[in-house]
file run_35.txt (compact mmCIF, C-alpha atoms)
# COMPACT_ATOMS: atom_id res chain seq x y z
CA MET A 1 -31.58 -5.25 -51.33
CA ARG A 2 -33.15 -4.14 -48.05
CA ARG A 3 -32.62 -7.64 -46.71
CA TYR A 4 -28.88 -7.27 -47.19
CA LEU A 5 -28.80 -3.87 -45.54
CA PHE A 6 -30.59 -5.35 -42.54
CA ILE A 7 -28.07 -8.18 -42.45
CA ILE A 8 -25.27 -5.68 -42.29
CA LEU A 9 -27.01 -3.75 -39.54
CA ILE A 10 -27.33 -6.90 -37.49
CA ALA A 11 -23.81 -8.07 -38.18
CA PHE A 12 -22.10 -4.78 -37.32
CA GLY A 13 -23.45 -3.25 -34.22
CA ILE A 14 -27.10 -3.55 -33.45
CA SER A 15 -27.27 -4.26 -29.78
CA VAL A 16 -29.26 -7.27 -28.89
CA THR A 17 -30.41 -7.10 -25.32
CA ALA A 18 -31.14 -10.18 -23.36
CA GLN A 19 -31.85 -10.46 -19.65
CA GLY A 20 -28.49 -9.04 -18.67
CA GLN A 21 -28.23 -6.23 -21.25
CA GLN A 22 -25.73 -8.14 -23.39
CA LYS A 23 -24.13 -6.46 -26.39
CA PHE A 24 -24.34 -7.89 -29.86
CA ASP A 25 -21.58 -10.45 -30.48
CA PRO A 26 -20.75 -10.75 -34.21
CA GLU A 27 -18.76 -13.97 -33.71
CA ARG A 28 -21.65 -15.58 -31.85
CA TYR A 29 -24.09 -14.39 -34.51
CA GLN A 30 -21.89 -15.87 -37.27
CA ALA A 31 -21.55 -19.16 -35.40
CA ASP A 32 -25.33 -19.34 -34.87
CA LEU A 33 -25.92 -18.56 -38.55
CA GLU A 34 -23.50 -21.25 -39.69
CA GLN A 35 -24.98 -23.82 -37.33
CA PHE A 36 -28.49 -22.98 -38.53
CA ILE A 37 -27.48 -23.20 -42.20
CA THR A 38 -25.67 -26.49 -41.60
CA SER A 39 -28.69 -28.10 -39.98
CA GLU A 40 -31.32 -26.61 -42.33
CA ALA A 41 -29.39 -27.51 -45.49
CA CYS A 42 -28.25 -30.88 -44.10
CA LEU A 43 -24.60 -30.14 -44.82
CA THR A 44 -22.14 -32.86 -43.87
CA PRO A 45 -19.12 -31.88 -41.76
CA GLN A 46 -16.94 -32.18 -44.86
CA GLU A 47 -19.26 -29.93 -46.89
CA SER A 48 -19.40 -27.39 -44.06
CA ALA A 49 -15.63 -27.36 -43.75
CA ARG A 50 -15.28 -26.58 -47.45
CA PHE A 51 -18.30 -24.29 -47.80
CA PHE A 52 -18.05 -21.85 -44.89
CA PRO A 53 -14.57 -20.42 -45.55
CA VAL A 54 -15.74 -19.42 -49.04
CA TYR A 55 -19.06 -18.18 -47.61
CA ARG A 56 -17.21 -16.00 -45.06
CA GLU A 57 -15.03 -14.64 -47.87
CA MET A 58 -18.17 -13.62 -49.79
CA MET A 59 -19.70 -12.01 -46.70
CA LYS A 60 -16.55 -9.99 -46.08
CA LYS A 61 -16.63 -8.63 -49.63
CA GLN A 62 -20.35 -7.89 -49.37
CA HIS A 63 -19.79 -5.96 -46.15
CA SER A 64 -17.37 -3.61 -47.90
CA LEU A 65 -19.98 -2.91 -50.59
CA TYR A 66 -22.66 -2.38 -47.94
CA ASP A 67 -20.38 0.06 -46.14
CA GLU A 68 -20.27 2.11 -49.34
CA LEU A 69 -24.05 1.92 -49.69
CA ARG A 70 -24.53 2.98 -46.08
CA LYS A 71 -22.85 6.31 -46.80
CA TYR A 72 -25.83 7.33 -48.89
CA ARG A 73 -28.56 6.32 -46.47
CA HIS A 74 -28.57 9.55 -44.45
CA PHE A 75 -26.88 11.85 -46.92
CA LYS A 76 -28.64 13.90 -49.58
CA PRO A 77 -26.45 15.87 -51.97
CA ALA A 78 -27.26 19.58 -52.22
CA SER A 79 -27.50 19.73 -56.01
CA GLU A 80 -29.45 17.93 -58.69
CA SER A 81 -26.26 16.69 -60.30
CA GLY A 82 -25.02 15.42 -56.92
CA CYS A 83 -28.30 13.56 -56.39
CA ARG A 84 -28.05 12.07 -59.87
CA ASP A 85 -24.47 10.94 -59.24
CA ALA A 86 -25.46 9.42 -55.87
CA ILE A 87 -28.34 7.50 -57.49
CA LEU A 88 -26.10 6.17 -60.24
CA LEU A 89 -23.41 5.16 -57.75
CA LYS A 90 -25.94 3.43 -55.52
CA ASP A 91 -27.30 1.56 -58.54
CA GLN A 92 -23.79 0.49 -59.49
CA LEU A 93 -23.10 -0.75 -55.96
CA ASP A 94 -26.37 -2.74 -56.01
CA ILE A 95 -25.28 -4.34 -59.27
CA GLN A 96 -21.86 -5.15 -57.80
CA VAL A 97 -23.54 -6.89 -54.86
CA LYS A 98 -25.61 -9.06 -57.22
CA GLU A 99 -22.59 -9.81 -59.41
CA LEU A 100 -20.62 -10.82 -56.32
CA GLN A 101 -23.43 -13.16 -55.28
CA GLN A 102 -23.54 -14.65 -58.75
CA GLN A 103 -19.77 -15.17 -58.76
CA TYR A 104 -19.85 -16.88 -55.38
CA HIS A 105 -22.86 -18.99 -56.23
CA GLN A 106 -20.75 -20.46 -59.02
CA LYS A 107 -17.98 -21.19 -56.53
CA PHE A 108 -20.46 -22.74 -54.10
CA LEU A 109 -21.82 -25.01 -56.83
CA ARG A 110 -18.33 -26.52 -57.13
CA ILE A 111 -18.40 -27.29 -53.41
CA ILE A 112 -21.98 -28.47 -52.78
CA SER A 113 -24.89 -29.61 -54.92
CA ALA A 114 -27.38 -27.15 -56.37
CA SER A 115 -30.17 -28.46 -54.16
CA LYS A 116 -28.05 -27.96 -51.03
CA LEU A 117 -27.02 -24.48 -52.17
CA TYR A 118 -30.69 -23.67 -52.70
CA ASP A 119 -31.35 -24.89 -49.15
CA VAL A 120 -28.45 -22.79 -47.85
CA ILE A 121 -29.89 -19.65 -49.46
CA LYS A 122 -33.35 -20.39 -48.03
CA ALA A 123 -31.87 -21.13 -44.59
CA GLU A 124 -29.93 -17.87 -44.58
CA ASP A 125 -33.11 -15.93 -45.37
CA LYS A 126 -35.04 -17.82 -42.71
CA PHE A 127 -32.35 -17.18 -40.09
CA HIS A 128 -32.37 -13.44 -40.79
CA ARG A 129 -36.18 -13.25 -40.69
CA GLN A 130 -36.17 -15.03 -37.34
CA SER A 131 -33.45 -12.71 -36.03
CA PHE A 132 -35.43 -9.62 -37.04
CA LYS A 133 -38.57 -11.03 -35.50
CA ARG A 134 -36.77 -11.69 -32.19
CA MET A 135 -35.27 -8.18 -32.23
CA SER A 136 -38.63 -6.62 -32.98
CA GLU A 137 -40.36 -8.59 -30.23
CA HIS A 138 -37.62 -7.67 -27.81
CA LYS A 139 -37.93 -3.97 -28.65
CA LYS A 140 -41.68 -4.15 -28.05
CA THR A 141 -41.18 -5.65 -24.60
CA ARG A 142 -38.64 -2.96 -23.66
CA ARG A 143 -41.03 -0.07 -24.37

call {"tool": "encode", "arguments": {"input": "run_35.txt", "output": "structure tokens"}}
result
Amino acid sequence: MRRYLFIILIAFGISVTAQGQQKFDPERYQADLEQFITSEACLTPQESARFFPVYREMMKKQHSLYDELRKYRHFKPASESGCRDAILLKDQLDIQVKELQQQYHQKFLRIISASKLYDVIKAEDKFHRQSFKRMSEHKKTRR
């Protein structure tokens, strides 16, 4: 679950600074992600053309769930019952995220083979790990 929260953080506003203090560009990030997935999973142009619109649709829906989850990151209810309700709601949102992934994995399997979908999932994870590593290294050099 933390992986997905980090993805959202990257996708919606973490500033990535390069030589010229450039701001994070979500469109560029998405294009880089799609290019990386395409090459790592060996997707053909036809597969990519069919896969990525559905993938973007899934990401858009996930972002709305992550926005809900984000509300509870820095907020602690004042009462025990409020805390209980927040925990239960967060759990329900986590389940909705997994159900959404499961639903879209079924859609993806109608577009690409299972082995390519597996490679897509692995490539996405690898891309995000590399992005975090670059951000972390960059932050260290700025200190």

call {"tool": "residues_around", "arguments": {"input": "run_35.txt", "residues": "Phe52 in chain A", "least_positions_apart": "4", "cutoff": "10 Å", "atoms": "all atoms listed in the file", "output": "PyMOL selection string"}}
result
chain A and resi 34+37-38+47-48+56-58+108

call {"tool": "atom_distance", "arguments": {"input": "run_35.txt", "atom1": "CA of Val54 in chain A", "atom2": "CA of Tyr104 in chain A"}}
result
8.0 Å

call {"tool": "atom_distance", "arguments": {"input": "run_35.txt", "atom1": "CA of Ile95 in chain A", "atom2": "CA of Glu80 in chain A"}}
result
22.7 Å

call {"tool": "closest_residue", "arguments": {"input": "run_35.txt", "among": "A:Asp119, A:Glu124, A:Glu99, A:Glu137", "to": "Gln62 in chain A", "atoms": "all atoms listed in the file"}}
result
A:Glu99

call {"tool": "closest_residue", "arguments": {"input": "run_35.txt", "among": "A:Tyr55, A:Glu40, A:Gln130, A:Cys83", "to": "Leu109 in chain A", "atoms": "only C-alpha atoms"}}
result
A:Tyr55

call {"tool": "closest_residue", "arguments": {"input": "run_35.txt", "among": "A:Met59, A:Pro53, A:Lys122, A:Tyr72", "to": "Asp85 in chain A", "atoms": "all atoms listed in the file"}}
result
A:Tyr72

call {"tool": "decode", "arguments": {"input": "run_35.txt", "residues": "range 21-46 of chain A", "atoms": "N, CA, C and O atoms", "output": "mmCIF file, in the first residue's frame"}}
result
data_model
loop_
_atom_site.group_PDB
_atom_site.id
_atom_site.type_symbol
_atom_site.label_atom_id
_atom_site.label_comp_id
_atom_site.auth_asym_id
_atom_site.auth_seq_id
_atom_site.Cartn_x
_atom_site.Cartn_y
_atom_site.Cartn_z
ATOM 1 N N GLN A 21 16.564 23.632 -11.666
ATOM 2 C CA GLN A 21 15.445 23.730 -10.738
ATOM 3 C C GLN A 21 14.106 23.525 -11.440
ATOM 4 O O GLN A 21 13.183 24.309 -11.285
ATOM 5 N N GLN A 22 13.988 22.475 -12.214
ATOM 6 C CA GLN A 22 12.753 22.207 -12.941
ATOM 7 C C GLN A 22 11.703 21.637 -12.001
ATOM 8 O O GLN A 22 12.010 20.891 -11.084
ATOM 9 N N LYS A 23 10.459 21.979 -12.263
ATOM 10 C CA LYS A 23 9.332 21.444 -11.508
ATOM 11 C C LYS A 23 8.942 20.087 -12.069
ATOM 12 O O LYS A 23 9.199 19.787 -13.218
ATOM 13 N N PHE A 24 8.284 19.309 -11.220
ATOM 14 C CA PHE A 24 7.799 18.008 -11.630
ATOM 15 C C PHE A 24 6.768 18.180 -12.735
ATOM 16 O O PHE A 24 5.865 19.007 -12.637
ATOM 17 N N ASP A 25 6.886 17.373 -13.784
ATOM 18 C CA ASP A 25 5.973 17.423 -14.924
ATOM 19 C C ASP A 25 5.224 16.094 -15.002
ATOM 20 O O ASP A 25 5.791 15.088 -15.426
ATOM 21 N N PRO A 26 3.950 16.053 -14.570
ATOM 22 C CA PRO A 26 3.207 14.790 -14.550
ATOM 23 C C PRO A 26 3.078 14.144 -15.929
ATOM 24 O O PRO A 26 3.127 12.919 -16.045
ATOM 25 N N GLU A 27 2.922 14.965 -16.983
ATOM 26 C CA GLU A 27 2.794 14.399 -18.327
ATOM 27 C C GLU A 27 4.093 13.723 -18.747
ATOM 28 O O GLU A 27 4.080 12.645 -19.336
ATOM 29 N N ARG A 28 5.201 14.373 -18.438
ATOM 30 C CA ARG A 28 6.514 13.796 -18.766
ATOM 31 C C ARG A 28 6.745 12.504 -17.974
ATOM 32 O O ARG A 28 7.230 11.514 -18.509
ATOM 33 N N TYR A 29 6.368 12.532 -16.705
ATOM 34 C CA TYR A 29 6.506 11.347 -15.856
ATOM 35 C C TYR A 29 5.685 10.189 -16.429
ATOM 36 O O TYR A 29 6.176 9.066 -16.532
ATOM 37 N N GLN A 30 4.446 10.472 -16.818
ATOM 38 C CA GLN A 30 3.570 9.443 -17.392
ATOM 39 C C GLN A 30 4.149 8.902 -18.692
ATOM 40 O O GLN A 30 4.141 7.694 -18.930
ATOM 41 N N ALA A 31 4.657 9.791 -19.529
ATOM 42 C CA ALA A 31 5.250 9.356 -20.804
ATOM 43 C C ALA A 31 6.482 8.492 -20.550
ATOM 44 O O ALA A 31 6.662 7.461 -21.218
ATOM 45 N N ASP A 32 7.316 8.884 -19.592
ATOM 46 C CA ASP A 32 8.503 8.083 -19.255
ATOM 47 C C ASP A 32 8.103 6.715 -18.711
ATOM 48 O O ASP A 32 8.695 5.696 -19.062
ATOM 49 N N LEU A 33 7.080 6.695 -17.864
ATOM 50 C CA LEU A 33 6.586 5.435 -17.307
ATOM 51 C C LEU A 33 6.085 4.518 -18.418
ATOM 52 O O LEU A 33 6.434 3.331 -18.465
ATOM 53 N N GLU A 34 5.286 5.055 -19.323
ATOM 54 C CA GLU A 34 4.737 4.244 -20.407
ATOM 55 C C GLU A 34 5.830 3.735 -21.332
ATOM 56 O O GLU A 34 5.785 2.581 -21.768
ATOM 57 N N GLN A 35 6.804 4.572 -21.614
ATOM 58 C CA GLN A 35 7.912 4.132 -22.462
ATOM 59 C C GLN A 35 8.707 3.019 -21.773
ATOM 60 O O GLN A 35 9.070 2.026 -22.405
ATOM 61 N N PHE A 36 8.946 3.178 -20.480
ATOM 62 C CA PHE A 36 9.685 2.171 -19.727
ATOM 63 C C PHE A 36 8.917 0.848 -19.712
ATOM 64 O O PHE A 36 9.488 -0.217 -19.969
ATOM 65 N N ILE A 37 7.630 0.910 -19.428
ATOM 66 C CA ILE A 37 6.801 -0.302 -19.395
ATOM 67 C C ILE A 37 6.792 -0.969 -20.765
ATOM 68 O O ILE A 37 6.939 -2.193 -20.864
ATOM 69 N N THR A 38 6.634 -0.181 -21.810
ATOM 70 C CA THR A 38 6.593 -0.724 -23.168
ATOM 71 C C THR A 38 7.872 -1.487 -23.488
ATOM 72 O O THR A 38 7.823 -2.604 -24.008
ATOM 73 N N SER A 39 9.008 -0.900 -23.147
ATOM 74 C CA SER A 39 10.274 -1.570 -23.475
ATOM 75 C C SER A 39 10.537 -2.760 -22.557
ATOM 76 O O SER A 39 10.961 -3.823 -23.023
ATOM 77 N N GLU A 40 10.264 -2.621 -21.263
ATOM 78 C CA GLU A 40 10.530 -3.715 -20.316
ATOM 79 C C GLU A 40 9.616 -4.921 -20.560
ATOM 80 O O GLU A 40 10.037 -6.054 -20.387
ATOM 81 N N ALA A 41 8.375 -4.660 -20.921
ATOM 82 C CA ALA A 41 7.413 -5.747 -21.128
ATOM 83 C C ALA A 41 7.353 -6.185 -22.590
ATOM 84 O O ALA A 41 6.565 -7.073 -22.941
ATOM 85 N N CYS A 42 8.158 -5.553 -23.429
ATOM 86 C CA CYS A 42 8.211 -5.892 -24.863
ATOM 87 C C CYS A 42 6.824 -5.813 -25.509
ATOM 88 O O CYS A 42 6.412 -6.713 -26.251
ATOM 89 N N LEU A 43 6.115 -4.725 -25.227
ATOM 90 C CA LEU A 43 4.798 -4.535 -25.829
ATOM 91 C C LEU A 43 4.962 -4.054 -27.261
ATOM 92 O O LEU A 43 5.796 -3.200 -27.550
ATOM 93 N N THR A 44 4.165 -4.600 -28.151
ATOM 94 C CA THR A 44 4.163 -4.140 -29.536
ATOM 95 C C THR A 44 3.433 -2.791 -29.594
ATOM 96 O O THR A 44 2.687 -2.452 -28.663
ATOM 97 N N PRO A 45 3.603 -2.051 -30.663
ATOM 98 C CA PRO A 45 2.854 -0.784 -30.778
ATOM 99 C C PRO A 45 1.338 -0.994 -30.706
ATOM 100 O O PRO A 45 0.632 -0.180 -30.109
ATOM 101 N N GLN A 46 0.854 -2.085 -31.281
ATOM 102 C CA GLN A 46 -0.577 -2.364 -31.231
ATOM 103 C C GLN A 46 -1.019 -2.665 -29.792
ATOM 104 O O GLN A 46 -2.079 -2.199 -29.354
#
